[in-house]
>>> print(open('coords27.tsv').read())   # TSV, C-alpha atoms
chain	number	residue	atom	x	y	z
A	1	MET	CA	111.21	-20.51	87.32
A	2	ILE	CA	114.96	-20.88	86.75
A	3	LEU	CA	114.54	-19.78	83.15
A	4	GLN	CA	112.65	-16.69	84.30
A	5	ILE	CA	115.44	-15.79	86.74
A	6	ILE	CA	118.07	-16.28	84.03
A	7	GLY	CA	115.99	-14.15	81.68
A	8	LEU	CA	115.70	-11.37	84.25
A	9	LEU	CA	119.43	-11.49	84.95
A	10	PHE	CA	120.18	-11.33	81.25
A	11	LEU	CA	117.85	-8.35	80.79
A	12	GLY	CA	119.45	-6.66	83.78
A	13	ILE	CA	122.94	-7.10	82.36
A	14	VAL	CA	121.81	-5.82	78.96
A	15	GLY	CA	120.21	-2.82	80.67
A	16	ILE	CA	123.41	-2.00	82.56
A	17	VAL	CA	125.50	-2.27	79.39
A	18	ILE	CA	123.11	0.03	77.52
A	19	LEU	CA	123.15	2.57	80.34
A	20	ILE	CA	126.97	2.56	80.47
A	21	ASP	CA	127.01	3.22	76.71
A	22	ILE	CA	124.24	5.79	76.54
A	23	ILE	CA	124.79	7.93	79.65
A	24	PRO	CA	128.24	9.29	78.64
A	25	ILE	CA	126.97	10.14	75.16
A	26	PHE	CA	123.95	11.93	76.60
A	27	MET	CA	126.09	13.81	79.16
A	28	ASP	CA	128.49	15.00	76.45
A	29	TRP	CA	125.57	16.30	74.42
A	30	LEU	CA	124.13	18.05	77.47
A	31	SER	CA	127.47	19.57	78.48
A	32	ARG	CA	128.03	21.07	75.04
A	33	ILE	CA	124.90	23.18	75.14
A	34	HIS	CA	126.01	26.85	75.25
A	35	ILE	CA	129.66	25.86	74.76
A	36	GLY	CA	132.17	28.67	74.17
A	37	ARG	CA	130.34	31.52	75.91
A	38	PHE	CA	133.38	32.82	77.86
A	39	GLN	CA	134.36	36.38	76.94
A	40	GLU	CA	136.57	37.55	79.83
A	41	LYS	CA	139.91	35.79	80.26
A	42	GLN	CA	139.95	36.23	84.04
A	43	VAL	CA	136.53	34.57	84.31
A	44	TRP	CA	137.68	31.79	82.00
A	45	ASN	CA	140.85	31.33	84.03
A	46	LYS	CA	138.92	30.90	87.27
A	47	SER	CA	136.45	28.53	85.65
A	48	ILE	CA	139.05	26.23	84.08
A	49	THR	CA	141.05	26.28	87.32
A	50	ASN	CA	138.04	25.20	89.39
A	51	VAL	CA	137.68	22.21	87.09
A	52	GLY	CA	141.42	21.58	87.28
A	53	ILE	CA	141.59	21.33	91.08
A	54	LYS	CA	138.50	19.10	91.09
A	55	TRP	CA	140.09	16.77	88.55
A	56	LEU	CA	143.40	16.71	90.42
A	57	GLN	CA	141.60	15.08	93.34
A	58	SER	CA	139.68	12.69	91.11
A	59	THR	CA	141.21	12.61	87.65
A	60	PRO	CA	138.79	11.41	84.95
A	61	LYS	CA	139.88	8.06	83.57
A	62	ILE	CA	141.03	8.43	79.99
A	63	LYS	CA	139.86	5.71	77.65
A	64	VAL	CA	142.40	3.56	75.87
A	65	THR	CA	139.71	2.19	73.58
A	66	ASP	CA	137.81	4.17	70.96
A	67	GLN	CA	134.74	2.01	71.46
A	68	THR	CA	131.50	3.82	72.28
A	69	ARG	CA	129.44	0.62	72.36
A	70	LEU	CA	129.71	-2.29	74.82
A	71	VAL	CA	132.07	-0.18	76.94
A	72	ALA	CA	131.32	-2.38	79.96
A	73	ILE	CA	133.15	-5.26	78.27
A	74	ASP	CA	136.28	-3.11	77.85
A	75	MET	CA	136.06	-2.20	81.54
A	76	LEU	CA	135.85	-5.84	82.59
A	77	GLN	CA	138.76	-6.81	80.32
A	78	GLY	CA	140.96	-3.97	81.61
A	79	ASN	CA	141.08	-2.26	78.22
A	80	TYR	CA	139.33	0.93	79.27
A	81	THR	CA	142.19	2.88	80.84
A	82	LYS	CA	145.82	2.47	81.96
A	83	ASN	CA	147.71	3.96	84.90
A	84	ALA	CA	150.59	5.23	82.75
A	85	ILE	CA	148.20	7.53	80.90
A	86	GLN	CA	147.18	9.07	84.23
A	87	TYR	CA	150.71	10.33	85.05
A	88	TRP	CA	150.74	12.94	82.32
A	89	GLN	CA	147.12	13.90	82.96
A	90	GLU	CA	147.87	14.59	86.63
A	91	ALA	CA	151.18	16.26	85.79
A	92	SER	CA	149.54	18.74	83.46
A	93	LEU	CA	146.90	19.65	86.04
A	94	LEU	CA	149.59	20.12	88.69
A	95	LEU	CA	151.70	22.28	86.34
A	96	GLY	CA	148.69	24.46	85.58
A	97	LEU	CA	147.68	24.82	89.22
A	98	ALA	CA	151.29	25.60	90.20
A	99	GLY	CA	151.12	28.52	87.79
A	100	TYR	CA	147.76	29.62	89.14
A	101	VAL	CA	148.82	29.80	92.79
A	102	LYS	CA	151.83	31.92	91.85
A	103	ASN	CA	149.40	34.64	90.78
A	104	ASN	CA	146.58	33.85	93.22
A	105	PRO	CA	147.27	32.94	96.88
A	106	ASP	CA	144.26	30.63	96.97
A	107	LYS	CA	144.40	28.56	100.18
A	108	GLU	CA	141.82	26.03	99.02
A	109	ILE	CA	143.74	25.22	95.86
A	110	LYS	CA	147.01	24.96	97.79
A	111	GLN	CA	145.33	22.59	100.24
A	112	GLY	CA	144.00	20.54	97.33
A	113	ILE	CA	147.52	20.28	95.90
A	114	ILE	CA	148.90	19.14	99.27
A	115	ARG	CA	146.20	16.47	99.49
A	116	PHE	CA	147.21	15.24	96.06
A	117	LEU	CA	150.89	15.11	97.05
A	118	ASP	CA	150.00	13.16	100.18
A	119	SER	CA	148.19	10.62	98.01
A	120	LYS	CA	151.29	10.08	95.84
A	121	PHE	CA	154.24	10.32	98.25
A	122	ASN	CA	154.99	8.80	101.64
A	123	GLN	CA	156.47	10.42	104.76
A	124	GLN	CA	159.99	9.77	103.47
A	125	GLY	CA	159.24	11.74	100.31
A	126	ASP	CA	159.30	8.71	98.02
A	127	TRP	CA	156.60	7.39	95.72
A	128	ILE	CA	153.93	5.37	97.49
A	129	ASN	CA	153.71	3.27	94.35
A	130	ARG	CA	156.95	3.49	92.42
A	131	PRO	CA	156.35	4.10	88.70
A	132	LYS	CA	157.56	1.61	86.14
A	133	HIS	CA	157.41	3.87	83.09
A	134	VAL	CA	159.20	7.12	82.26
A	135	ASP	CA	155.83	8.86	81.79
A	136	ALA	CA	156.03	9.59	85.53
A	137	ALA	CA	158.97	11.95	85.06
A	138	ILE	CA	156.68	14.76	83.93
A	139	LEU	CA	154.72	14.37	87.18
A	140	ALA	CA	157.97	14.57	89.16
A	141	TYR	CA	158.79	17.73	87.18
A	142	ALA	CA	155.40	19.21	88.06
A	143	VAL	CA	156.18	18.70	91.75
A	144	MET	CA	159.41	20.63	91.27
A	145	LYS	CA	157.43	23.62	89.94
A	146	LEU	CA	155.52	24.11	93.20
A	147	ASP	CA	157.03	27.16	94.87
A	148	PHE	CA	155.07	26.91	98.15
A	149	VAL	CA	156.33	23.46	99.22
A	150	ASP	CA	159.76	22.20	100.24
A	151	ILE	CA	160.87	20.43	97.07
A	152	ASP	CA	163.75	18.69	98.83
A	153	ARG	CA	161.20	16.86	100.95
A	154	TYR	CA	160.44	14.81	97.82
A	155	LYS	CA	164.07	14.20	96.87
A	156	ALA	CA	163.74	10.44	97.36
A	157	ALA	CA	161.02	10.35	94.68
A	158	LEU	CA	163.03	12.64	92.42
A	159	ASP	CA	166.12	10.45	92.83
A	160	SER	CA	164.16	7.30	92.03
A	161	THR	CA	162.70	9.01	88.95
A	162	TRP	CA	166.21	9.71	87.73
A	163	GLU	CA	167.12	6.07	88.37
A	164	LEU	CA	164.03	4.96	86.43
A	165	ILE	CA	165.10	7.07	83.45
A	166	ARG	CA	168.65	5.67	83.64
A	167	GLU	CA	167.23	2.16	83.52
A	168	HIS	CA	165.55	3.06	80.21
A	169	ILE	CA	168.70	4.33	78.47
A	170	GLY	CA	169.35	2.30	75.34
A	171	GLU	CA	172.64	1.12	73.89
A	172	GLU	CA	173.05	4.22	71.74
A	173	GLY	CA	172.58	6.50	74.75
A	174	SER	CA	169.03	7.84	74.40
A	175	VAL	CA	165.96	6.93	76.47
A	176	THR	CA	163.41	4.33	75.43
A	177	TYR	CA	159.65	4.80	75.75
A	178	ARG	CA	159.30	1.30	77.20
A	179	LYS	CA	161.95	-1.31	78.03
A	180	PHE	CA	160.24	-3.84	75.78
A	181	MET	CA	160.32	-1.36	72.85
A	182	LYS	CA	164.07	-0.72	72.88
A	183	ASP	CA	164.33	-0.43	69.09
A	184	TYR	CA	162.15	2.69	68.86
A	185	ARG	CA	162.34	6.27	70.07
A	186	TYR	CA	159.07	8.12	70.57
A	187	VAL	CA	158.50	11.86	70.42
A	188	ASP	CA	156.35	11.52	73.57
A	189	THR	CA	159.46	10.68	75.59
A	190	ILE	CA	160.93	14.13	74.95
A	191	GLY	CA	158.00	15.73	76.74
A	192	PHE	CA	157.98	13.12	79.50
A	193	ILE	CA	161.62	13.35	80.56
A	194	CYS	CA	163.51	16.39	79.25
A	195	PRO	CA	162.04	19.11	81.51
A	196	PHE	CA	162.56	16.90	84.57
A	197	LEU	CA	166.13	16.01	83.60
A	198	VAL	CA	167.14	19.65	83.22
A	199	ALA	CA	165.35	20.86	86.37
A	200	TYR	CA	166.71	17.95	88.44
A	201	GLY	CA	170.19	18.32	86.98
A	202	ILE	CA	170.34	22.05	87.72
A	203	ARG	CA	168.94	21.73	91.24
A	204	TYR	CA	171.13	18.84	92.38
A	205	GLY	CA	174.24	19.42	90.28
A	206	HIS	CA	173.97	16.45	87.91
A	207	GLU	CA	175.30	17.71	84.59
A	208	GLU	CA	174.82	14.24	83.05
A	209	CYS	CA	171.05	14.70	83.38
A	210	ILE	CA	171.18	17.90	81.35
A	211	GLU	CA	173.40	16.29	78.74
A	212	LEU	CA	170.96	13.38	78.44
A	213	ALA	CA	168.02	15.76	77.92
A	214	VAL	CA	169.87	17.66	75.20
A	215	LYS	CA	170.95	14.40	73.57
A	216	GLN	CA	167.33	13.17	73.53
A	217	ILE	CA	166.20	16.34	71.75
A	218	ARG	CA	169.10	16.65	69.32
A	219	THR	CA	169.02	12.97	68.37
A	220	TYR	CA	165.35	13.29	67.58
A	221	GLU	CA	166.04	16.39	65.51
A	222	GLU	CA	168.56	14.36	63.53
A	223	HIS	CA	166.42	11.26	62.87
A	224	GLY	CA	162.78	12.04	63.58
A	225	MET	CA	162.02	15.35	61.84
A	226	LEU	CA	160.53	15.97	58.41
A	227	GLU	CA	163.23	17.45	56.23
A	228	GLY	CA	162.43	20.97	55.12
A	229	TYR	CA	159.55	21.42	57.57
A	230	TYR	CA	161.02	20.59	61.01
A	231	ILE	CA	157.98	18.77	62.39
A	232	PRO	CA	158.39	15.43	64.19
A	233	SER	CA	157.29	11.97	63.22
A	234	HIS	CA	155.60	9.88	65.91
A	235	ALA	CA	158.74	7.74	66.34
A	236	TYR	CA	161.78	6.39	64.55
A	237	GLN	CA	163.63	3.06	64.46
A	238	ILE	CA	167.07	3.43	66.00
A	239	ASN	CA	168.97	1.01	63.73
A	240	SER	CA	167.53	1.93	60.33
A	241	LYS	CA	166.74	5.54	61.40
A	242	VAL	CA	163.45	5.16	59.50
A	243	PRO	CA	160.72	7.56	60.72
A	244	LEU	CA	157.53	5.80	61.86
A	245	GLY	CA	153.93	6.89	62.19
A	246	LEU	CA	152.61	10.23	61.08
A	247	PHE	CA	154.58	13.38	60.36
A	248	GLY	CA	152.43	16.19	61.69
A	249	TRP	CA	150.53	14.31	64.40
A	250	GLY	CA	149.35	17.25	66.47
A	251	ARG	CA	150.00	15.95	69.97
A	252	GLY	CA	153.38	14.70	68.77
A	253	LEU	CA	154.24	18.32	68.00
A	254	GLY	CA	152.92	19.13	71.45
A	255	TRP	CA	155.19	16.60	73.17
A	256	PHE	CA	158.22	17.90	71.31
A	257	ALA	CA	157.21	21.48	72.14
A	258	ILE	CA	156.83	20.78	75.87
A	259	GLY	CA	160.13	18.96	76.15
A	260	LEU	CA	161.99	21.65	74.22
A	261	ILE	CA	160.54	24.82	75.72
A	262	ASP	CA	160.50	23.67	79.34
A	263	ALA	CA	164.05	22.34	79.07
A	264	TRP	CA	165.12	25.68	77.58
A	265	ASN	CA	163.26	27.58	80.31
A	266	GLU	CA	164.98	25.62	83.08
A	267	LEU	CA	168.50	26.34	81.85
A	268	PRO	CA	170.28	29.40	83.30
A	269	GLN	CA	171.11	32.06	80.73
A	270	GLU	CA	174.84	31.37	81.02
A	271	HIS	CA	174.59	27.59	80.53
A	272	VAL	CA	176.45	26.16	77.55
A	273	TYR	CA	173.29	24.49	76.18
A	274	LYS	CA	171.02	27.54	76.50
A	275	GLY	CA	171.93	28.85	73.06
A	276	VAL	CA	171.79	25.37	71.54
A	277	LEU	CA	168.20	24.83	72.63
A	278	GLU	CA	167.25	28.42	71.81
A	279	THR	CA	168.20	27.79	68.18
A	280	SER	CA	165.85	24.79	68.21
A	281	VAL	CA	163.08	26.84	69.84
A	282	LYS	CA	163.25	29.48	67.12
A	283	ARG	CA	163.30	26.90	64.37
A	284	PHE	CA	160.36	24.93	65.76
A	285	ALA	CA	158.31	28.07	66.43
A	286	LYS	CA	158.59	29.17	62.83
A	287	ALA	CA	157.71	25.67	61.63
A	288	ALA	CA	154.65	25.23	63.87
A	289	ILE	CA	153.18	28.67	63.18
A	290	GLN	CA	152.85	27.72	59.50
A	291	PHE	CA	150.23	25.13	60.43
A	292	GLN	CA	148.11	27.18	62.84
A	293	GLN	CA	144.59	27.59	61.47
A	294	ASP	CA	142.89	30.97	61.03
A	295	GLN	CA	140.64	30.47	64.07
A	296	GLY	CA	143.71	29.87	66.26
A	297	ASN	CA	143.74	26.09	66.57
A	298	TRP	CA	146.03	23.37	65.31
A	299	ASN	CA	144.39	20.25	63.89
A	300	TRP	CA	145.09	16.72	65.05
A	301	THR	CA	146.97	16.32	61.78
A	302	VAL	CA	148.52	19.76	61.56
A	303	THR	CA	149.37	19.47	57.87
A	304	ARG	CA	145.74	18.93	56.81
A	305	GLY	CA	143.26	21.75	57.07
A	306	GLU	CA	140.42	19.24	56.63
A	307	SER	CA	141.24	17.27	59.80
A	308	ARG	CA	139.58	18.00	63.13
A	309	PRO	CA	140.86	20.70	65.47
A	310	ASP	CA	142.57	19.28	68.54
A	311	SER	CA	142.49	21.21	71.80
A	312	SER	CA	145.41	19.27	73.28
A	313	THR	CA	147.66	20.26	70.38
A	314	THR	CA	146.43	23.85	70.58
A	315	ALA	CA	147.02	24.13	74.33
A	316	THR	CA	150.55	22.70	74.24
A	317	LEU	CA	151.64	24.66	71.18
A	318	GLY	CA	150.02	27.78	72.63
A	319	TRP	CA	152.12	27.26	75.77
A	320	PHE	CA	155.21	26.84	73.62
A	321	MET	CA	154.52	30.01	71.62
A	322	LEU	CA	153.91	32.08	74.74
A	323	ASN	CA	157.28	31.13	76.17
A	324	ALA	CA	159.07	31.37	72.84
A	325	SER	CA	157.78	34.97	72.63
A	326	GLN	CA	160.39	35.84	75.29
A	327	ILE	CA	163.00	35.51	72.52
A	328	THR	CA	163.25	38.94	70.90
A	329	GLU	CA	163.86	37.65	67.38
A	330	ILE	CA	160.52	35.79	67.22
A	331	SER	CA	158.61	37.60	69.97
A	332	GLU	CA	155.86	39.30	68.00
A	333	GLU	CA	154.79	36.39	65.81
A	334	CYS	CA	154.85	33.94	68.74
A	335	LEU	CA	152.79	36.23	70.97
A	336	VAL	CA	150.15	36.66	68.27
A	337	SER	CA	150.06	32.89	67.85
A	338	ALA	CA	149.67	32.28	71.60
A	339	LYS	CA	146.82	34.76	71.90
A	340	LYS	CA	145.02	33.21	68.93
A	341	ALA	CA	145.35	29.79	70.56
A	342	THR	CA	143.90	31.11	73.83
A	343	ASN	CA	140.94	32.70	72.06
A	344	TYR	CA	140.21	29.43	70.29
A	345	LEU	CA	140.38	27.40	73.50
A	346	MET	CA	137.91	29.75	75.16
A	347	LYS	CA	135.48	29.00	72.34
A	348	VAL	CA	135.61	25.25	72.95
A	349	THR	CA	135.19	25.43	76.74
A	350	ARG	CA	132.02	23.97	78.16
A	351	ARG	CA	129.90	26.17	80.41
A	352	ASN	CA	131.21	24.28	83.48
A	353	GLY	CA	134.83	25.21	82.58
A	354	ALA	CA	135.96	21.92	80.99
A	355	VAL	CA	137.89	22.42	77.74
A	356	ASP	CA	136.44	20.12	75.08
A	357	PHE	CA	137.47	18.43	71.82
A	358	SER	CA	140.87	16.93	72.62
A	359	GLN	CA	141.96	13.84	70.74
A	360	GLY	CA	141.79	10.61	72.74
A	361	ASP	CA	144.72	8.40	73.65
A	362	THR	CA	146.91	6.98	70.88
A	363	LYS	CA	146.80	3.21	70.45
A	364	ASP	CA	150.13	2.58	68.72
A	365	ILE	CA	152.54	4.12	66.26
A	366	GLY	CA	150.33	5.38	63.46
A	367	VAL	CA	147.08	4.35	65.18
A	368	TYR	CA	145.30	7.47	66.40
A	369	SER	CA	142.06	8.05	68.25
A	370	MET	CA	139.09	9.53	66.44
A	371	LEU	CA	137.32	10.47	69.67
A	372	PHE	CA	137.49	14.12	70.76
A	373	ASN	CA	136.41	14.99	74.27
A	374	ILE	CA	137.65	16.41	77.57
A	375	LEU	CA	141.24	15.65	78.57
A	376	PRO	CA	142.86	16.67	81.90
A	377	PHE	CA	146.15	17.12	80.03
A	378	THR	CA	144.58	19.87	77.92
A	379	GLN	CA	142.88	21.44	80.94
A	380	GLY	CA	146.19	21.74	82.76
A	381	PHE	CA	148.00	23.37	79.87
A	382	CYS	CA	145.19	25.85	79.39
A	383	ILE	CA	145.53	26.86	83.05
A	384	ARG	CA	149.30	26.97	82.70
A	385	MET	CA	149.23	29.10	79.56
A	386	MET	CA	146.63	31.53	80.90
A	387	ASN	CA	148.53	32.16	84.13
A	388	SER	CA	151.81	32.62	82.33
A	389	GLN	CA	150.12	35.27	80.20
A	390	ILE	CA	149.21	37.00	83.45
A	391	SER	CA	152.78	36.65	84.76
A	392	TYR	CA	154.21	37.99	81.49
A	393	LYS	CA	151.59	40.77	81.53
A	394	VAL	CA	150.40	39.98	78.01
A	395	VAL	CA	146.70	39.30	78.75
>>> encode(input="coords27.tsv", output="structure tokens")
Amino acid sequence: MILQIIGLLFLGIVGIVILIDIIPIFMDWLSRIHIGRFQEKQVWNKSITNVGIKWLQSTPKIKVTDQTRLVAIDMLQGNYTKNAIQYWQEASLLLGLAGYVKNNPDKEIKQGIIRFLDSKFNQQGDWINRPKHVDAAILAYAVMKLDFVDIDRYKAALDSTWELIREHIGEEGSVTYRKFMKDYRYVDTIGFICPFLVAYGIRYGHEECIELAVKQIRTYEEHGMLEGYYIPSHAYQINSKVPLGLFGWGRGLGWFAIGLIDAWNELPQEHVYKGVLETSVKRFAKAAIQFQQDQGNWNWTVTRGESRPDSSTTATLGWFMLNASQITEISEECLVSAKKATNYLMKVTRRNGAVDFSQGDTKDIGVYSMLFNILPFTQGFCIRMMNSQISYKVV
């Protein structure tokens, strides 16, 4: 009798494990039927935004592992997802929705955003759960882009975010990705912190924040870029200055692009660093356009036409190009690039409005995911790019 019970329990566990493995695969297959049928940009915009506000309330957990078998074991061991990854997923959605409500006074979406804010910040305007990693700075920046809320209400959280960044400044004066990885500088960090530092510095009169953001970008330009091509490596070692990881990792270009273009956007025209960053914007735009594929996408390895297209790279570089098109000298080529990126992203959008085929989370320097699926980060930047096209009247 006991053996029978044990046998039944074992079969039950095996059945649960199989279901956890099989159901996501089946749902992906089902969701991709009739993918890419959107023709009208306004319809696409509404569809991707509906998914965006839904995900803001309940953000899909992004897998750390690439495993598609025995996923239940990863869940039990805590290897399935990490909270730090969620910051930049939520931030992107919030940035996109902030852009949407500027063009569309949608009460339901505004209410959804307020509910999200209430889940993250307390009555004193500070974090309910204070972040430990600088990834959270991009979420703080997203809050600062909401034009229908009192930003100063969240000043306690913004101040603590600045303190968090200061705690991660290394001996040579730039910001570390993690305290326990003080010998490396990651390209991701540029996207995480630089827009926040400039926006926070301008709003509250902290010039040292702006100087730190510019230092982070310019130091990376000096040590982390491929000579002759101006595309970033994944990271570099601060003592030897040796580049690490892949030159041309698509989302690495995306992180550099976000940090650079949003920092440039936040600076007033008369600021001393406006021209400095504008020179970098023009240089990076010309470099990145070289690697855009004919159908409008960038690949996960941008330098290889044979590698898979990556929607997250395409969305972030499309956002960069759209904003860089405001610079007269490169306006035409950047606008063409941005429109091509948008057209591609429409073709990889599921019928429910979820943008597909984004590369999964990176495991380590030089260790990249080979899974391509939905990603809230991509969804948010698609919404953001589409609504900026509407604002710029270039749809």
>>> atom_distance(input="coords27.tsv", atom1="atom CA of A:Trp44", atom2="atom CA of A:Val302")
26.1 Å
>>> closest_residue(input="coords27.tsv", among="A:Asp294, A:Asn352, A:Asn103, A:Thr378", to="A:Ser47", atoms="only C-alpha atoms")
A:Asn352
>>> residues_around(input="coords27.tsv", residues="A:Tyr87", least_positions_apart="3", cutoff="7 Å", atoms="all atoms listed in the file", output="number ranges by chain")
A: 84, 90-91, 135-136, 139
>>> write_last_selection(input="coords27.tsv", atoms="C-alpha atoms", output="CSV table (one decimal), in the frame of the given file")
chain,number,residue,atom,x,y,z
A,84,ALA,CA,150.6,5.2,82.8
A,90,GLU,CA,147.9,14.6,86.6
A,91,ALA,CA,151.2,16.3,85.8
A,135,ASP,CA,155.8,8.9,81.8
A,136,ALA,CA,156.0,9.6,85.5
A,139,LEU,CA,154.7,14.4,87.2
>>> atom_distance(input="coords27.tsv", atom1="atom CA of A:Arg251", atom2="atom CA of A:Val394")
25.3 Å
>>> atom_distance(input="coords27.tsv", atom1="atom CA of A:Phe256", atom2="atom CA of A:Asp147")
25.3 Å
>>> residues_around(input="coords27.tsv", residues="A:Ile165", least_positions_apart="6", cutoff="12 Å", atoms="only C-alpha atoms", output="list in words")
Pro131, Lys132, His133, Val134, Asp135, Ala136, Ala137, Ile138, Ala140, Leu158, Asp159, Gly173, Ser174, Val175, Thr176, Tyr177, Arg178, Lys179, Thr189, Ile190, Phe192, Ile193, Cys194, Phe196, Leu197, Cys209, Leu212, Ala213 and Gln216 of chain A
>>> residues_around(input="coords27.tsv", residues="stretch 266-282 of chain A", least_positions_apart="4", cutoff="8 Å", atoms="all atoms listed in the file", output="PyMOL selection string")
chain A and resi 195+198-199+202+214+260-262+286+324+330
>>> residues_around(input="coords27.tsv", residues="A:Tyr368", least_positions_apart="4", cutoff="12 Å", atoms="all atoms listed in the file", output="list in words")
Val64, Thr65, Asp66, His234, Gly245, Leu246, Trp249, Gly250, Arg251, Gly252, Trp300, Thr301, Gln359, Gly360, Asp361, Thr362, Lys363, Asp364 and Phe372 of chain A
>>> write_last_selection(input="coords27.tsv", atoms="C-alpha atoms", output="PDB file, in the coordinates of the input")
ATOM      1  CA  VAL A  64     142.400   3.560  75.870  1.00  0.00           C
ATOM      2  CA  THR A  65     139.710   2.190  73.580  1.00  0.00           C
ATOM      3  CA  ASP A  66     137.810   4.170  70.960  1.00  0.00           C
ATOM      4  CA  HIS A 234     155.600   9.880  65.910  1.00  0.00           C
ATOM      5  CA  GLY A 245     153.930   6.890  62.190  1.00  0.00           C
ATOM      6  CA  LEU A 246     152.610  10.230  61.080  1.00  0.00           C
ATOM      7  CA  TRP A 249     150.530  14.310  64.400  1.00  0.00           C
ATOM      8  CA  GLY A 250     149.350  17.250  66.470  1.00  0.00           C
ATOM      9  CA  ARG A 251     150.000  15.950  69.970  1.00  0.00           C
ATOM     10  CA  GLY A 252     153.380  14.700  68.770  1.00  0.00           C
ATOM     11  CA  TRP A 300     145.090  16.720  65.050  1.00  0.00           C
ATOM     12  CA  THR A 301     146.970  16.320  61.780  1.00  0.00           C
ATOM     13  CA  GLN A 359     141.960  13.840  70.740  1.00  0.00           C
ATOM     14  CA  GLY A 360     141.790  10.610  72.740  1.00  0.00           C
ATOM     15  CA  ASP A 361     144.720   8.400  73.650  1.00  0.00           C
ATOM     16  CA  THR A 362     146.910   6.980  70.880  1.00  0.00           C
ATOM     17  CA  LYS A 363     146.800   3.210  70.450  1.00  0.00           C
ATOM     18  CA  ASP A 364     150.130   2.580  68.720  1.00  0.00           C
ATOM     19  CA  PHE A 372     137.490  14.120  70.760  1.00  0.00           C
TER      20      PHE A 372
END
>>> residues_around(input="coords27.tsv", residues="A:Asp150", least_positions_apart="6", cutoff="12 Å", atoms="all atoms listed in the file", output="list in words")
Ile114, Leu117, Gly125, Val143 and Met144 of chain A
>>> closest_residue(input="coords27.tsv", among="A:Ile390, A:Val348, A:Ile169, A:Met225", to="A:Val101", atoms="all atoms listed in the file")
A:Ile390
>>> closest_residue(input="coords27.tsv", among="A:Ile374, A:Tyr100, A:His168, A:Arg115", to="A:Gln42", atoms="all atoms listed in the file")
A:Tyr100
>>> closest_residue(input="coords27.tsv", among="A:Lys347, A:Phe320, A:Glu329, A:Asp310", to="A:Met370", atoms="all atoms listed in the file")
A:Asp310
>>> closest_residue(input="coords27.tsv", among="A:Ala235, A:Ala142, A:Met385, A:Ala156", to="A:Lys182", atoms="all atoms listed in the file")
A:Ala235
>>> closest_residue(input="coords27.tsv", among="A:Ser307, A:Thr49, A:Ser160, A:Asn265", to="A:Asn104", atoms="only C-alpha atoms")
A:Thr49
>>> residues_near_point(input="coords27.tsv", point="(155.6, 5.9, 63.9)", cutoff="10 Å", atoms="all atoms listed in the file", output="list in words")
Tyr184, Arg185, Tyr186, Val187, Gly224, Pro232, Ser233, His234, Ala235, Tyr236, Gln237, Val242, Pro243, Leu244, Gly245, Leu246, Phe247, Trp249, Asp364, Ile365, Gly366 and Val367 of chain A
